[in-house]
Structure formats: structure tokens, C-alpha cells
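Engineer: So here's run.json (JSON, C-alpha atoms).
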[["chain", "number", "residue", "atom", "x", "y", "z"],
["Y", 123, "MET", "CA", -13.03, 7.15, 8.43],
["Y", 124, "TYR", "CA", -16.05, 6.91, 6.13],
["Y", 125, "SER", "CA", -16.20, 7.12, 2.35],
["Y", 126, "VAL", "CA", -18.90, 7.97, -0.14],
["Y", 127, "TYR", "CA", -18.03, 6.33, -3.45],
["Y", 128, "PHE", "CA", -19.22, 5.94, -7.02],
["Y", 129, "ALA", "CA", -18.97, 2.48, -8.55],
["Y", 130, "LYS", "CA", -19.58, 2.18, -12.28],
["Y", 131, "SER", "CA", -21.06, -1.03, -13.62],
["Y", 132, "LEU", "CA", -19.02, -2.21, -16.60],
["Y", 133, "LYS", "CA", -22.02, -4.29, -17.64],
["Y", 134, "ASN", "CA", -24.53, -1.46, -18.12],
["Y", 135, "ASN", "CA", -22.74, 1.80, -17.12],
["Y", 136, "LYS", "CA", -25.01, 2.38, -14.12],
["Y", 137, "ILE", "CA", -23.43, 4.44, -11.35],
["Y", 138, "TYR", "CA", -23.88, 3.14, -7.81],
["Y", 139, "VAL", "CA", -23.48, 5.57, -4.91],
["Y", 140, "GLY", "CA", -22.42, 3.91, -1.69],
["Y", 141, "LEU", "CA", -21.23, 4.63, 1.82],
["Y", 142, "THR", "CA", -18.66, 2.52, 3.63],
["Y", 143, "SER", "CA", -16.37, 2.51, 6.64],
["Y", 144, "LYS", "CA", -14.01, 0.25, 4.67],
["Y", 145, "ASP", "CA", -11.45, 1.22, 2.08],
["Y", 146, "PRO", "CA", -13.57, 1.90, -1.05],
["Y", 147, "ARG", "CA", -11.26, -0.34, -3.13],
["Y", 148, "ILE", "CA", -12.07, -3.25, -0.80],
["Y", 149, "ARG", "CA", -15.77, -2.47, -1.08],
["Y", 150, "ILE", "CA", -15.54, -2.64, -4.89],
["Y", 151, "ILE", "CA", -14.00, -6.10, -4.59],
["Y", 152, "GLU", "CA", -16.94, -7.12, -2.41],
["Y", 153, "HIS", "CA", -19.40, -5.75, -4.98],
["Y", 154, "ASN", "CA", -17.58, -7.69, -7.70],
["Y", 155, "ASN", "CA", -17.90, -10.84, -5.59],
["Y", 156, "GLY", "CA", -21.69, -10.30, -5.53],
["Y", 157, "SER", "CA", -22.12, -9.04, -1.97],
["Y", 158, "ASN", "CA", -25.84, -8.40, -2.59],
["Y", 159, "ALA", "CA", -28.48, -9.10, -5.23],
["Y", 160, "TRP", "CA", -28.06, -5.75, -7.01],
["Y", 161, "SER", "CA", -24.29, -6.21, -7.19],
["Y", 162, "LYS", "CA", -24.68, -9.71, -8.60],
["Y", 163, "GLN", "CA", -26.93, -8.44, -11.39],
["Y", 164, "ASN", "CA", -24.77, -5.45, -12.32],
["Y", 165, "ARG", "CA", -21.17, -6.57, -11.82],
["Y", 166, "PRO", "CA", -18.33, -6.09, -12.61],
["Y", 167, "PHE", "CA", -17.72, -2.64, -11.14],
["Y", 168, "GLU", "CA", -14.89, -0.16, -11.17],
["Y", 169, "LEU", "CA", -14.28, 2.52, -8.57],
["Y", 170, "VAL", "CA", -14.78, 5.86, -10.29],
["Y", 171, "TYR", "CA", -14.61, 8.36, -7.42],
["Y", 172, "PHE", "CA", -14.70, 8.64, -3.64],
["Y", 173, "GLU", "CA", -14.71, 11.24, -0.88],
["Y", 174, "SER", "CA", -13.53, 10.59, 2.68],
["Y", 175, "TYR", "CA", -15.14, 11.87, 5.87],
["Y", 176, "VAL", "CA", -14.26, 11.66, 9.55],
["Y", 177, "CYS", "CA", -17.87, 12.06, 10.65],
["Y", 178, "LYS", "CA", -20.36, 9.35, 9.71],
["Y", 179, "GLU", "CA", -23.25, 11.82, 9.69],
["Y", 180, "ASP", "CA", -21.45, 14.02, 7.13],
["Y", 181, "ALA", "CA", -20.84, 10.99, 4.92],
["Y", 182, "MET", "CA", -24.48, 9.90, 5.21],
["Y", 183, "ASN", "CA", -25.67, 13.39, 4.26],
["Y", 184, "ARG", "CA", -23.34, 13.46, 1.25],
["Y", 185, "GLU", "CA", -24.52, 10.02, 0.08],
["Y", 186, "LYS", "CA", -28.13, 11.18, 0.39],
["Y", 187, "PHE", "CA", -27.28, 14.35, -1.56],
["Y", 188, "TYR", "CA", -25.76, 12.38, -4.47],
["Y", 189, "LYS", "CA", -29.00, 10.38, -4.65],
["Y", 190, "SER", "CA", -31.13, 13.57, -4.86],
["Y", 191, "GLY", "CA", -32.10, 15.53, -7.99],
["Y", 192, "LEU", "CA", -29.31, 18.13, -7.94],
["Y", 193, "GLY", "CA", -26.86, 15.63, -6.48],
["Y", 194, "LYS", "CA", -27.44, 13.25, -9.39],
["Y", 195, "GLN", "CA", -26.57, 16.03, -11.84],
["Y", 196, "ILE", "CA", -23.36, 16.75, -9.93],
["Y", 197, "LYS", "CA", -22.59, 13.02, -9.69],
["Y", 198, "TYR", "CA", -22.83, 12.65, -13.46],
["Y", 199, "ALA", "CA", -20.68, 15.77, -13.98],
["Y", 200, "ILE", "CA", -18.02, 14.28, -11.69],
["Y", 201, "VAL", "CA", -18.13, 10.93, -13.49],
["Y", 202, "LYS", "CA", -17.88, 12.67, -16.88],
["Y", 203, "THR", "CA", -14.89, 14.73, -15.72],
["Y", 204, "VAL", "CA", -13.10, 11.77, -14.16],
["Y", 205, "SER", "CA", -13.70, 9.67, -17.29],
["Y", 206, "ALA", "CA", -12.33, 12.40, -19.55],
["Y", 207, "MET", "CA", -9.25, 12.77, -17.35],
["Y", 208, "SER", "CA", -8.56, 9.04, -17.39],
["Y", 209, "GLN", "CA", -8.70, 8.98, -21.22],
["Y", 210, "ARG", "CA", -6.11, 11.73, -21.71],
["Y", 211, "PRO", "CA", -2.90, 10.49, -23.27],
["Y", 212, "SER", "CA", 0.08, 10.36, -20.99],
["Y", 213, "GLY", "CA", 3.52, 11.62, -21.84],
["Y", 214, "PRO", "CA", 4.79, 14.97, -23.07],
["Y", 215, "TRP", "CA", 2.51, 17.53, -24.65],
["Y", 216, "PRO", "CA", 2.64, 17.40, -28.51],
["Y", 217, "LYS", "CA", 5.18, 19.73, -30.11],
["Y", 218, "GLY", "CA", 3.79, 22.82, -31.75],
["Y", 219, "ARG", "CA", 0.74, 22.97, -29.48],
["Y", 220, "PRO", "CA", 0.69, 25.22, -26.43],
["Y", 221, "ALA", "CA", 0.17, 23.37, -23.16],
["Y", 222, "PRO", "CA", -3.09, 24.18, -21.32],
["Y", 223, "GLY", "CA", -2.80, 27.54, -19.59],
["Y", 224, "ARG", "CA", 0.20, 28.53, -21.75],
["Y", 225, "GLY", "CA", -1.33, 30.69, -24.43]]
Would you mind giving the structure from this file in C-alpha cells?

Structural biologist:
Amino acid sequence: MYSVYFAKSLKNNKIYVGLTSKDPRIRIIEHNNGSNAWSKQNRPFELVYFESYVCKEDAMNREKFYKSGLGKQIKYAIVKTVSAMSQRPSGPWPKGRPAPGRG
């Protein structure tokens, strides 16, 4: 199994796109331990998003896409959506307000 992942630098908000055959959560730990020069300069990181692939070639093509012009736009849209979802309050929907999709 291969994963394409987005790691967000908590130092400067840069988004790193990577490819790994490891569990992406393990790879983030490696980045946070300074596995290479870029990671050392931009750590700590948090895992923002990942996609899993059976075929290495598919994963490599997807990583390349996210580093391209259109792919970067989609990457930022994904990050924005994931960030908004993670900031939503948990618990029941406020009384007096219709739940999404309910009016």
C-alpha cells in the first residue's frame, strides 16, 4: 500500500506533499524527528490529509499532480476544507437552527 499525504508545518503553515509506503502517521513522526534537512527547518508537522493506493505508479502520478499548477489549487482547497471541518464544534446542533440539509 502506498500513500500520498499532506503534512502541514506548524511553524510556517507550508504544506508538504509526500509519498510513502509506510503508514502516513509514522512518516509524520519521522518528519518531526528531522528525517531530512527540509523537515528539520520546517517542523513540527501535522498530518492534514492522505490518500491510499495499491499501485505505486498511481501514487507517484497523484503526488506529481498535487505538485503541479492545477494540483496545487486542489491541494489548497482540500486543506481549506479539512481545516474548516476540524474547527466545527462537536455535539448537538444548536436549538432553533435547522441542521444542514434540513430546511

Engineer: Which residue, Y:Tyr198, Y:Tyr138, Y:Phe128, Y:Tyr188, has the smallest gap to Y:Leu169 when you use all atoms listed in the file?

Structural biologist: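 Among Y:Tyr198, Y:Tyr138, Y:Phe128, Y:Tyr188, it is Y:Phe128 that comes nearest to Y:Leu169.
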
Engineer: Quick one: residues within 7 Å of Y:Ser131, all atoms listed in the file counted, chain neighbours fewer than 2 positions away excluded, as a ChimeraX atom specification?

Structural biologist: /Y:129,133-137,164-168

Engineer: When you draw a straight line from atom CA of Y:Glu185 to atom CA of Y:Gln163, how long is it in Å?

Structural biologist: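 About the pair atom CA of Y:Glu185 and atom CA of Y:Gln163: they are 21.9 Å apart.
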
Engineer: Tell me, in Å to one decimal, how far atom CA of Y:Leu141 is from atom CA of Y:Ala206.

Structural biologist: 24.4 Å

Engineer: Work out how far apart atom CA of Y:Ser125 and atom CA of Y:Lys186 are and give it in Å to one decimal.

Structural biologist: 12.8 Å
